[in-house]
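See structure below.
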Amino acid sequence: MKLLIPSLLLAISAAAQQPLVLIDPARGGSKGGAHIADRVEEKQVTLQVAQHLGNLLRARGFAVQVTRDSDVDTTNDQRAAIANTTHPIACILLYASSTGNGVHLFTTTLPQPSMVDPAAPVVWDEAQSAYAARSQALASGMREAFGRTRIPIASGTTWMRPLDNMQCPAVAIEMGPQKDGTAADDPPYQNRVAETIAGVLLFWKNKVGSMTPPAPPKPEPTATTPSSAPKPAMPTQPKPATPSPAPKPAAPAQPKPTTPKPTGAAQQ
Amino acid sequence: MIPRYQRILFIVLLSASVFMAIFLVYMHRKNFAEVKNADNTPIEAPVYSASEQVTLDIADDADFTLTPTTRSIALPQTAAVRARALVEHLLAEYSLPRSTHPLDGGIAVDDVFLVPLPLGSGAQNAPLSKDAQADPLTQANGELAVVNLRSSWVDGHPAGITSETLTIQSIVGTLRANLPEVTKVKFLVDGKPRDTLAGSVEFDRIFDAEASITAPVQTATHD
């Protein structure tokens with residue numbers, strides 16, 4: 001008994017130190033997304049890849065948080081809220097498409113601010129801004145890793161929710177068909193993509209440890225926020241699908257207070 | 001002896017002929033008078049737009065690139081109509097079978113409006129409210145192009161980050177390349193903002209034309 005308690009505490013401590021990766025399979029529920037093949041929709045493909053990637057990451061010592069693990073409707077705000085409350089070292093957003101060629105990587109168009117004021121409220125639609133440079137570094141690592149495979153790779157920036165609302169290094173990965181006609185629903189193709197991502201995250205885990213994380217922003221209560229003020233990006237809990245009587249610290253459904261300037265550089 | 005009914009028929013036909021002759025003369029005189037009194041001022045000669053070189057940012061889904069491509073097309077002179085014609089030509093390219101960014105055909109653009117920036121500059125000496133000052137359109141220069149697309153076309157747009165991003169960048173880049181005064185672009189669908197173009201990429205924001213152009217990989221010329 002005396003030995004069991006310390007070993008249990010040690011195991012809990014080790015689990016708590018596991019780096020967390022957030023996987024966000026796109027679509028779900030009523031949102032089927034793109035038609036990948038006959039009777040195969042994007043939501044099925046993204047869930048399959050997410051499950052496979054999750055297993056690979058757990059086997060490599062990561063803790064994994066998925067925004068959906070079944071065919072359910074999940075809003076963009078709910079996805080971002082999960083990311084912003086769990087503080088993962090990387091957020092992987094999975095998409096699939098019937099156009100393009102190979103894998104396309106996307107990061108935010110938001111520019112990295114030169115200085116981050118920890119006391120300033122974070123604008124919901126610009127939450128990714130403070131992580132733009134690290135997201136690009138993560139995407140760069142993935143581009144190199146995919147470049148070593150036979151999978152065609154392209155990368156660029158885009159304007160997208162929930163990517164722009166996430167407070168973590170985030171990369172959206174879209175699987176398109178390959179030149180030989182292999183679609184994104186092909187299991188070997190999915191496995192290769194998942195294994196490549198898992199391999200990159202192993203390196204990223206070591207790299208992110210040496211980076212100084214930006215100070216967490218101070219959540220701004222709604223009551224003190226003027227109606228025209230920017231929305232805080234740190235809801236304390238995922239926004240429920242149905243209205244809750246509890247006061248919410250952020251109101252992501254409000255109109256955007258400002259228009260972020262896209263950096264807009266698609267790369268080959 | 002001529003039967004009675006034939007005589008009656010003859011008289012009726014003769015009366016009809018005389019009536020028609022009188023009516024014909026009357027109508028002829030009336031129409032001739034209208035022509036005689038018509039405005040003989042020469043009408044304005046039709047304006048023919050000569051073909052000119054324009055640059056279309058053609059998207060390629062395979063490698064996520066835009067290629068500035070020169071086309072020779074006739075465009076109207078009015079800026080807003082010109083912008084609409086440019087976008088229509090661009091989107092028509094994507095409905096061709098050889099397109100590298102395949103999209104549905106059909107009429108895509110309802111209207112394009114050009115709004116001078118900054119907003120609120122017309123109000124002389126009127127101070128802007130705090131909310132208005134926070135609006136970037138009250139601080140920007142140049143022109144805002146409001147592109148009103150048809151829902152019938154937008155609803156058929158393929159879903160996917162690559163396809164949606166390239167469509168937006170292609171339109172914004174083409175407007176900027178041919179109308180340098182356009183600095184911002186906003187999209188509407190049937191006159192209303194829409195959250196996403198086809199489920200992925202935000203479509204309800206104002207796009208910065210000066211910053212959204214992707215790096216060209218090659219320059220092609222096709223007439």
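Please note that chains go A, B, ... in the order of the structure tokens, that every chain numbers its residues from 1, and that ligands are numbered from 1 in the order shown.
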Env of Asp57 (chain B): 9 Å cut, atoms = only C-alpha atoms, seq-sep filter 2 positions within chain, self excluded. Answer as a ChimeraX atom specification. /B:55,59,66-70,90,169-174,177,213,216
Produce a file of the selected residues containing N, CA and C atoms, as a PDB file, in the first residue's frame.
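Final file, part.pdb:
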```
ATOM      1  N   THR B  55      -5.729  41.789 -67.007  1.00  0.00           N
ATOM      2  CA  THR B  55      -5.044  40.711 -66.283  1.00  0.00           C
ATOM      3  C   THR B  55      -6.038  39.998 -65.375  1.00  0.00           C
ATOM      4  N   ALA B  59      -6.807  30.907 -60.978  1.00  0.00           N
ATOM      5  CA  ALA B  59      -6.466  30.009 -59.869  1.00  0.00           C
ATOM      6  C   ALA B  59      -6.185  28.602 -60.368  1.00  0.00           C
ATOM      7  N   LEU B  66      -2.102  31.331 -57.885  1.00  0.00           N
ATOM      8  CA  LEU B  66      -2.780  32.224 -58.819  1.00  0.00           C
ATOM      9  C   LEU B  66      -1.775  32.624 -59.882  1.00  0.00           C
ATOM     10  N   THR B  67      -2.213  32.609 -61.122  1.00  0.00           N
ATOM     11  CA  THR B  67      -1.334  33.008 -62.216  1.00  0.00           C
ATOM     12  C   THR B  67      -1.924  34.221 -62.920  1.00  0.00           C
ATOM     13  N   PRO B  68      -1.264  35.374 -62.844  1.00  0.00           N
ATOM     14  CA  PRO B  68      -1.755  36.526 -63.603  1.00  0.00           C
ATOM     15  C   PRO B  68      -1.696  36.218 -65.100  1.00  0.00           C
ATOM     16  N   THR B  69      -2.838  36.230 -65.752  1.00  0.00           N
ATOM     17  CA  THR B  69      -2.933  35.823 -67.145  1.00  0.00           C
ATOM     18  C   THR B  69      -3.564  36.952 -67.948  1.00  0.00           C
ATOM     19  N   THR B  70      -2.936  37.280 -69.073  1.00  0.00           N
ATOM     20  CA  THR B  70      -3.428  38.396 -69.882  1.00  0.00           C
ATOM     21  C   THR B  70      -4.482  37.900 -70.867  1.00  0.00           C
ATOM     22  N   LEU B  90     -13.875  36.499 -65.543  1.00  0.00           N
ATOM     23  CA  LEU B  90     -13.025  35.626 -64.728  1.00  0.00           C
ATOM     24  C   LEU B  90     -13.768  34.339 -64.362  1.00  0.00           C
ATOM     25  N   GLN B 169      -9.516  34.926 -53.557  1.00  0.00           N
ATOM     26  CA  GLN B 169      -8.266  35.602 -53.914  1.00  0.00           C
ATOM     27  C   GLN B 169      -8.229  35.955 -55.398  1.00  0.00           C
ATOM     28  N   SER B 170      -8.809  35.099 -56.205  1.00  0.00           N
ATOM     29  CA  SER B 170      -8.811  35.336 -57.636  1.00  0.00           C
ATOM     30  C   SER B 170      -9.641  36.570 -57.990  1.00  0.00           C
ATOM     31  N   ILE B 171     -10.822  36.676 -57.393  1.00  0.00           N
ATOM     32  CA  ILE B 171     -11.684  37.837 -57.671  1.00  0.00           C
ATOM     33  C   ILE B 171     -11.031  39.114 -57.142  1.00  0.00           C
ATOM     34  N   VAL B 172     -10.564  39.051 -55.909  1.00  0.00           N
ATOM     35  CA  VAL B 172      -9.959  40.243 -55.291  1.00  0.00           C
ATOM     36  C   VAL B 172      -8.715  40.666 -56.074  1.00  0.00           C
ATOM     37  N   GLY B 173      -7.893  39.713 -56.430  1.00  0.00           N
ATOM     38  CA  GLY B 173      -6.660  40.014 -57.168  1.00  0.00           C
ATOM     39  C   GLY B 173      -6.938  40.580 -58.549  1.00  0.00           C
ATOM     40  N   THR B 174      -7.955  40.056 -59.224  1.00  0.00           N
ATOM     41  CA  THR B 174      -8.303  40.552 -60.558  1.00  0.00           C
ATOM     42  C   THR B 174      -8.824  41.979 -60.498  1.00  0.00           C
ATOM     43  N   ALA B 177      -5.866  44.216 -59.846  1.00  0.00           N
ATOM     44  CA  ALA B 177      -4.929  44.328 -60.968  1.00  0.00           C
ATOM     45  C   ALA B 177      -5.437  45.278 -62.046  1.00  0.00           C
ATOM     46  N   ILE B 213      -3.130  39.387 -52.412  1.00  0.00           N
ATOM     47  CA  ILE B 213      -2.663  38.783 -53.661  1.00  0.00           C
ATOM     48  C   ILE B 213      -1.588  37.752 -53.372  1.00  0.00           C
ATOM     49  N   PRO B 216       2.540  35.014 -57.597  1.00  0.00           N
ATOM     50  CA  PRO B 216       2.363  34.328 -58.871  1.00  0.00           C
ATOM     51  C   PRO B 216       3.502  33.368 -59.129  1.00  0.00           C
TER      52      PRO B 216
END
```
If the cut-off is 10 Å, can you tell me the residues of chain B near chain A, counting only C-alpha atoms? I'd like them as number ranges by chain. B: 60-66, 100-102, 130-131, 134-137, 158-166, 168-169, 195-196, 198-217
Extract the full set of strand (DSSP E or B) residues from region 13-113 of chain B according to DSSP on the backbone, and format it as a PyMOL selection string. chain B and resi 51-60+65-74+109-113
Neighbours of Val193 (chain A) within 10 Å (only C-alpha atoms; same-chain residues fewer than 3 positions away dropped), as a PyMOL selection string? chain A and resi 49+52-53+102-103+146+149+151+173+175+184+187-190+196-199
Pick the closest to Asp190 (chain B) from B:Val154, B:Val87, B:Asn178, B:Asn148: which is it, counting only C-alpha atoms?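 The closest residue to Asp190 (chain B) is B:Asn148.
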When you count only C-alpha atoms, which of these residues is closest to Ala80 (chain B): B:Leu14, B:Val147, B:Ile107, B:Leu197?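 That would be B:Val147, the residue with the smallest distance to Ala80 (chain B).
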Quick one: DSSP helix (DSSP H, G or I) residues in region 65-220 of chain A, as a VMD selection string? chain A and resid 76 to 86 124 to 147 163 to 165 187 to 209
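Among the candidates B:Gln6, B:Thr183, B:Ser152, B:Ser72, the residue lying nearest to Leu117 (chain B) is B:Thr183 (atoms considered: only C-alpha atoms).
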